[in-house]
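Working notes, beginning with the structure itself.
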Protein chains: 2
Amino acid sequence: MKFEIIKKSKENRARFGIIKTPHGEIKTPAFIPVATKATVKALDPRDLKEIGAQVLLANTYHLYLRPGEKLIKKFNGLHKFMNWNGPMFTDSGGFQVFSLGFGIEHQVSKIGNIFPDEADQKKIREQNLEKFAKIDEDGVTFKSPIDGKIDRLTPEKSIQIQEDLAADIILAFDECTSPLHDYKYTKKAMERTHAWAERCIKAWSRKSVLYGIVQGGFFEDLRYESCRFISSLDFPGIALGGSLGKSKKDMHQIIDWCIPNLPEEKPVHLLGIGGIDDLFECVERGIDTFDCVAPTRLARAGYLFISPEQGGNRKNKFRNSIKNSSNRTSKEPIDKNCDCYTCKNYSRAYLRHLFVNNELLYFRLASLHNLRFVLRLMERIREAIEEDRFIDLKRDWIG
Amino acid sequence: MKFEIIKKSKENRARFGIIKTPHGEIKTPAFIPVATKATVKALDPRDLKEIGAQVLLANTYHLYLRPGEKLIKKFNGLHKFMNWNGPMFTDSGGFQVFSLGFGIEHQVSKIGNIFPDEADQKKIREQNLEKFAKIDEDGVTFKSPIDGKIDRLTPEKSIQIQEDLAADIILAFDECTSPLHDYKYTKKAMERTHAWAERCIKAWSRKSVLYGIVQGGFFEDLRYESCRFISSLDFPGIALGGSLGKSKKDMHQIIDWCIPNLPEEKPVHLLGIGGIDDLFECVERGIDTFDCVAPTRLARAGYLFISPEQGGNRKNKFRNSIKNSSNRTSKEPIDKNCDCYTCKNYSRAYLRHLFVNNELLYFRLASLHNLRFVLRLMERIREAIEEDRFIDLKRDWIG
């Protein structure tokens, strides 16, 4: 892997670059669609190429449980197995283990968003989920949600699984903390993450590129310490891990603490974040890559992205609910400015009809739109950085 | 509409022809994928063009209930609404009304296949469904399964809805009987269907092409009478309606009774039939077009079509269950001889992984394969008729 920075903004930390991998280039800042179980939900690789997806991220934990990394290894890895020939990331499983453990205990972020809304919190409470994961110095013991079997992940095991999955870029195994953890616990978890980082490097065969993960929660000195430590190791790239605080403001603060303390020549990934406003705020602060399930998950739930020209703004989160009765007879596309197959060919009325009838075609057309919307926004962000007008673009979108 | 017969078999009633519609040609014998609610489940029109779909059939009853034909009329009909620019059929709603009425009372064919298997029959019994529809001389009163409201279909209403939906080819409103009905009831229903046929012709604006429907159950004299009567009316095409008896043998007998008693120059559609063996048996007996939900429904349920070279035969109904553990690690495609996107790019192992994880992509890849399989078989059947080797092809497939 090579990371080339082509243009740096003069006014802020935004930068336009290229990550070169054996499966092709990733122009950054980049949004990475999530292919949790070796498929971006409802889309195939032709769709993904068509909408400009450069790179995908698959989940180690899910693929370890089903179908198992050994099967995927028989296909020489994920690329062949899932028929995607572009660059790929895998995560380390750390976040999913957090979800099963403190995510449940603290009733936060069970479903992957760092800032669970009230409905999510209520769902977590009502499910009265059992805490599934226990962390010790050596690794994590968890109960498989599939068969209830006790299983274990360690830094070495995570690297082995990821090397069997054979993505281009893999992540170190970390302990993701909760925003409700105190200083003492967060420090202890960070130190464990550091020890695990060293073990990951030891276990790593260097066939893939390995990113280290910075932890430290919403504590300035811990973030500094973690940046220093992770930067001192032989990682070609860095990821910022959660907890990212209790609000978007906290998250921005954390990024502002970290970026100046990381080596400029290494690409920086922000784990699991990707709201429309986040993309602007975090690119401005120096983030190079994002992964997030939001565009496809929102699409399936009936929320379709709209640009400012179509009424999208920070308050409505750039979303139109396809179920709205105002869409019932609308011949308009979701977004007149969008160049996706869905917007070029289908009315809101038709999409609403598919959605209320739970028709499978809806999920594909909606996912195509939401992902294309985000990927195109990233194209515009890259252009704007190159042409020194990122701040103008940001103002046009989020004020 | 024009129907041109290009080649007639010397040994049997199979024929190769072309139906010309304002939206393009249909080479016959043709299989018509079903787009129940204005979408072939899980596929978009690009997919359908790619796999060689010439024509689709949408369901009047379902679209009348949701989203309502008036909305679709605002789009000048189904073509624009669903973004399909090829030929289209709509059915008349008669079969769905049967499903809600005698289908439930007689515990047959609730879900669209004329020969319900034991599992279907059990399901119907267990659901203990209320009989929803009542037939009188003027039409049918039914309870909407969506909101429980009492609603009504008549021949005139069915034609009005279909003309609003604006398919190229529409069907007369008939009373579909059950295989359990006796001679007396079947005769009465047939006479009602004939009276309704005349009313449909009266109500018909001639913007679309209207097919008449032959009824008469498994009674030779009634089928003769119905063929004579329906042929005497001004219908440009004819459909054979159910009941088609209690077995495939009965169905073949019914077709053999009807075809010689229908005008040779009119295309003949067989309603709701489309098993692999049926396609051969019924083409041989003179059927020109088929519609059936089986390929897509089976795909969604995990049954994928395989050719004789891959072990497909009459006994296994040319199906491989993707769930089979033998597929768990298989790098082979579903069918080596298939030219579909799924078989060209995906292993059985990957498809099985998607299926057991209920991944949305599975439904699309599986539906693509099953439909392409059937459409390609029809291409081969047409070629074989043209080259006077239909019987050889039939022998190779079903013995």
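Letters A, B, ... go to the chains of the structure tokens in the order shown; residues in each chain start at 1; ligands are counted from 1 in the same order.
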query = For chain A against chain B, which residues fall within 9 Å using only C-alpha atoms, given as a PyMOL selection string?
reply = chain A and resi 37-44+66-67+71+74-75+80-83+328-329+331+345-347+349-350+353-354+357+359-365
Saved selection, atoms kept: N, CA and C atoms, as a short mmCIF file (atom, residue, chain, number, x, y, z; two decimals), in the first residue's frame:
```cif
data_model
loop_
_atom_site.label_atom_id
_atom_site.label_comp_id
_atom_site.auth_asym_id
_atom_site.auth_seq_id
_atom_site.Cartn_x
_atom_site.Cartn_y
_atom_site.Cartn_z
N LYS A 37 -21.70 -9.14 5.73
CA LYS A 37 -21.55 -10.59 5.54
C LYS A 37 -21.11 -10.90 4.12
N ALA A 38 -20.14 -10.17 3.62
CA ALA A 38 -19.62 -10.37 2.26
C ALA A 38 -20.65 -10.03 1.20
N THR A 39 -21.52 -9.08 1.53
CA THR A 39 -22.45 -8.51 0.55
C THR A 39 -22.92 -7.16 1.08
N VAL A 40 -22.84 -6.15 0.22
CA VAL A 40 -23.50 -4.89 0.55
C VAL A 40 -24.99 -5.17 0.38
N LYS A 41 -25.76 -5.02 1.43
CA LYS A 41 -27.13 -5.53 1.41
C LYS A 41 -27.92 -5.03 0.19
N ALA A 42 -28.45 -5.98 -0.56
CA ALA A 42 -29.33 -5.75 -1.72
C ALA A 42 -28.61 -5.37 -3.00
N LEU A 43 -27.28 -5.19 -2.96
CA LEU A 43 -26.56 -4.76 -4.17
C LEU A 43 -25.52 -5.78 -4.60
N ASP A 44 -25.26 -5.83 -5.90
CA ASP A 44 -24.20 -6.70 -6.39
C ASP A 44 -23.02 -5.84 -6.85
N ARG A 66 -20.31 -17.03 10.50
CA ARG A 66 -20.94 -17.63 9.32
C ARG A 66 -20.45 -16.94 8.08
N PRO A 67 -19.91 -17.59 7.08
CA PRO A 67 -19.79 -19.04 6.94
C PRO A 67 -18.51 -19.61 7.56
N LEU A 71 -13.84 -21.39 5.02
CA LEU A 71 -14.50 -21.55 3.72
C LEU A 71 -14.04 -20.44 2.77
N LYS A 74 -10.71 -20.92 1.27
CA LYS A 74 -10.71 -21.87 0.13
C LYS A 74 -10.90 -21.16 -1.20
N PHE A 75 -11.53 -19.98 -1.15
CA PHE A 75 -11.73 -19.17 -2.35
C PHE A 75 -10.60 -18.15 -2.51
N LYS A 80 -12.67 -13.19 -4.30
CA LYS A 80 -13.20 -14.24 -5.16
C LYS A 80 -14.56 -14.72 -4.64
N PHE A 81 -14.66 -14.89 -3.33
CA PHE A 81 -15.88 -15.44 -2.74
C PHE A 81 -17.09 -14.59 -3.10
N MET A 82 -16.92 -13.26 -2.97
CA MET A 82 -18.08 -12.39 -3.17
C MET A 82 -18.06 -11.67 -4.51
N ASN A 83 -17.06 -11.98 -5.36
CA ASN A 83 -17.04 -11.44 -6.72
C ASN A 83 -16.83 -9.92 -6.75
N ARG A 328 -47.16 9.95 -2.30
CA ARG A 328 -48.07 8.92 -2.80
C ARG A 328 -48.35 9.03 -4.30
N THR A 329 -48.51 10.25 -4.76
CA THR A 329 -48.83 10.41 -6.19
C THR A 329 -47.74 11.17 -6.94
N LYS A 331 -44.84 12.20 -9.20
CA LYS A 331 -44.12 11.70 -10.38
C LYS A 331 -42.64 12.09 -10.34
N ASN A 345 -34.99 6.80 -13.35
CA ASN A 345 -36.03 5.94 -13.92
C ASN A 345 -37.31 5.79 -13.11
N TYR A 346 -37.30 6.21 -11.83
CA TYR A 346 -38.46 5.90 -11.01
C TYR A 346 -38.99 7.12 -10.27
N SER A 347 -40.31 7.14 -10.13
CA SER A 347 -40.98 8.20 -9.38
C SER A 347 -41.01 7.86 -7.89
N ALA A 349 -43.72 7.99 -6.29
CA ALA A 349 -44.95 7.21 -6.14
C ALA A 349 -44.66 5.71 -6.31
N TYR A 350 -43.85 5.36 -7.30
CA TYR A 350 -43.55 3.96 -7.52
C TYR A 350 -42.72 3.39 -6.37
N HIS A 353 -44.92 2.86 -3.46
CA HIS A 353 -45.72 1.65 -3.70
C HIS A 353 -44.91 0.39 -3.37
N LEU A 354 -43.67 0.33 -3.85
CA LEU A 354 -42.83 -0.84 -3.55
C LEU A 354 -42.58 -0.96 -2.05
N ASN A 357 -45.54 -2.13 0.03
CA ASN A 357 -45.84 -3.54 -0.25
C ASN A 357 -44.66 -4.46 0.07
N GLU A 359 -41.87 -4.84 -1.24
CA GLU A 359 -41.35 -5.49 -2.44
C GLU A 359 -39.82 -5.48 -2.43
N LEU A 360 -39.22 -6.61 -2.79
CA LEU A 360 -37.76 -6.73 -2.76
C LEU A 360 -37.06 -5.69 -3.64
N LEU A 361 -37.67 -5.34 -4.75
CA LEU A 361 -37.03 -4.37 -5.64
C LEU A 361 -36.80 -3.04 -4.92
N TYR A 362 -37.69 -2.68 -3.98
CA TYR A 362 -37.52 -1.43 -3.25
C TYR A 362 -36.13 -1.36 -2.61
N PHE A 363 -35.75 -2.43 -1.94
CA PHE A 363 -34.49 -2.40 -1.17
C PHE A 363 -33.30 -2.12 -2.08
N ARG A 364 -33.34 -2.69 -3.27
CA ARG A 364 -32.24 -2.46 -4.19
C ARG A 364 -32.24 -1.02 -4.71
N LEU A 365 -33.39 -0.56 -5.17
CA LEU A 365 -33.45 0.80 -5.74
C LEU A 365 -33.12 1.85 -4.68
#
```
inquiry  = Please return, as an NGL selection string, all residues of segment 265-329 of chain B that DSSP assigns to helix (DSSP H, G or I) on the basis of the backbone.
reply    = :B and (276-284 or 294-300 or 308-310 or 325-327)
ask   = Neighbours of Leu371 of chain B within 8 Å (only C-alpha atoms; same-chain residues fewer than 2 positions away dropped), as number ranges by chain?
value = B: 33, 51, 295-296, 367-369, 373-375
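We find atom CA of Phe305 of chain B and atom CA of Lys249 of chain B to be spaced 23.0 Å apart.
Non-sequential neighbours of Leu233 of chain B (distance at most 9 Å, separation of 6 or more positions within a chain, only C-alpha atoms) are Ala197, Glu198, Ile201 and Gly212 of chain B.
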key: Point-to-point distance from atom CA of Glu11 of chain A to atom CA of Leu244 of chain A, Å rounded to tenths   = 24.5 Å
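Neighbouring residues of Pro267 of chain A at 7 Å or closer, counting only C-alpha atoms and skipping chain neighbours under 6 positions away, are Phe3, Gly237, Ile238 and Asp288 of chain A.
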Can you write just those residues out, C-alpha atoms, as a PDB file, in the first residue's frame?
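What follows is the written file part-v9.pdb:
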```
ATOM      1  CA  PHE A   3      -0.672   6.698   0.383  1.00  0.00           C
ATOM      2  CA  GLY A 237      -2.410   3.391   8.573  1.00  0.00           C
ATOM      3  CA  ILE A 238      -4.371   4.539  11.619  1.00  0.00           C
ATOM      4  CA  ASP A 288      -9.345  10.246   4.982  1.00  0.00           C
TER       5      ASP A 288
END
```
request  = Tell me, as a ChimeraX atom specification, which residues lie within 10 Å of Arg285 of chain A, counting only C-alpha atoms; anything in the same chain fewer than 4 positions away does not count.
outcome  = /A:12-15,252-253,255-260,279-281
message = Please report the interatomic distance between atom CA of Ala166 of chain A and atom CA of Val55 of chain A in Å with one decimal.
response = 14.0 Å
request  = Kindly indicate which residue among B:Ser144, B:Ser307, B:Gln162, B:Thr342 lies nearest to Leu210 of chain B, using only C-alpha atoms for the distances.
outcome  = B:Gln162
From A:Pro179, A:Phe290, A:Trp397, A:Arg206, residue lying nearest Gln310 of chain A [only C-alpha atoms] = A:Trp397
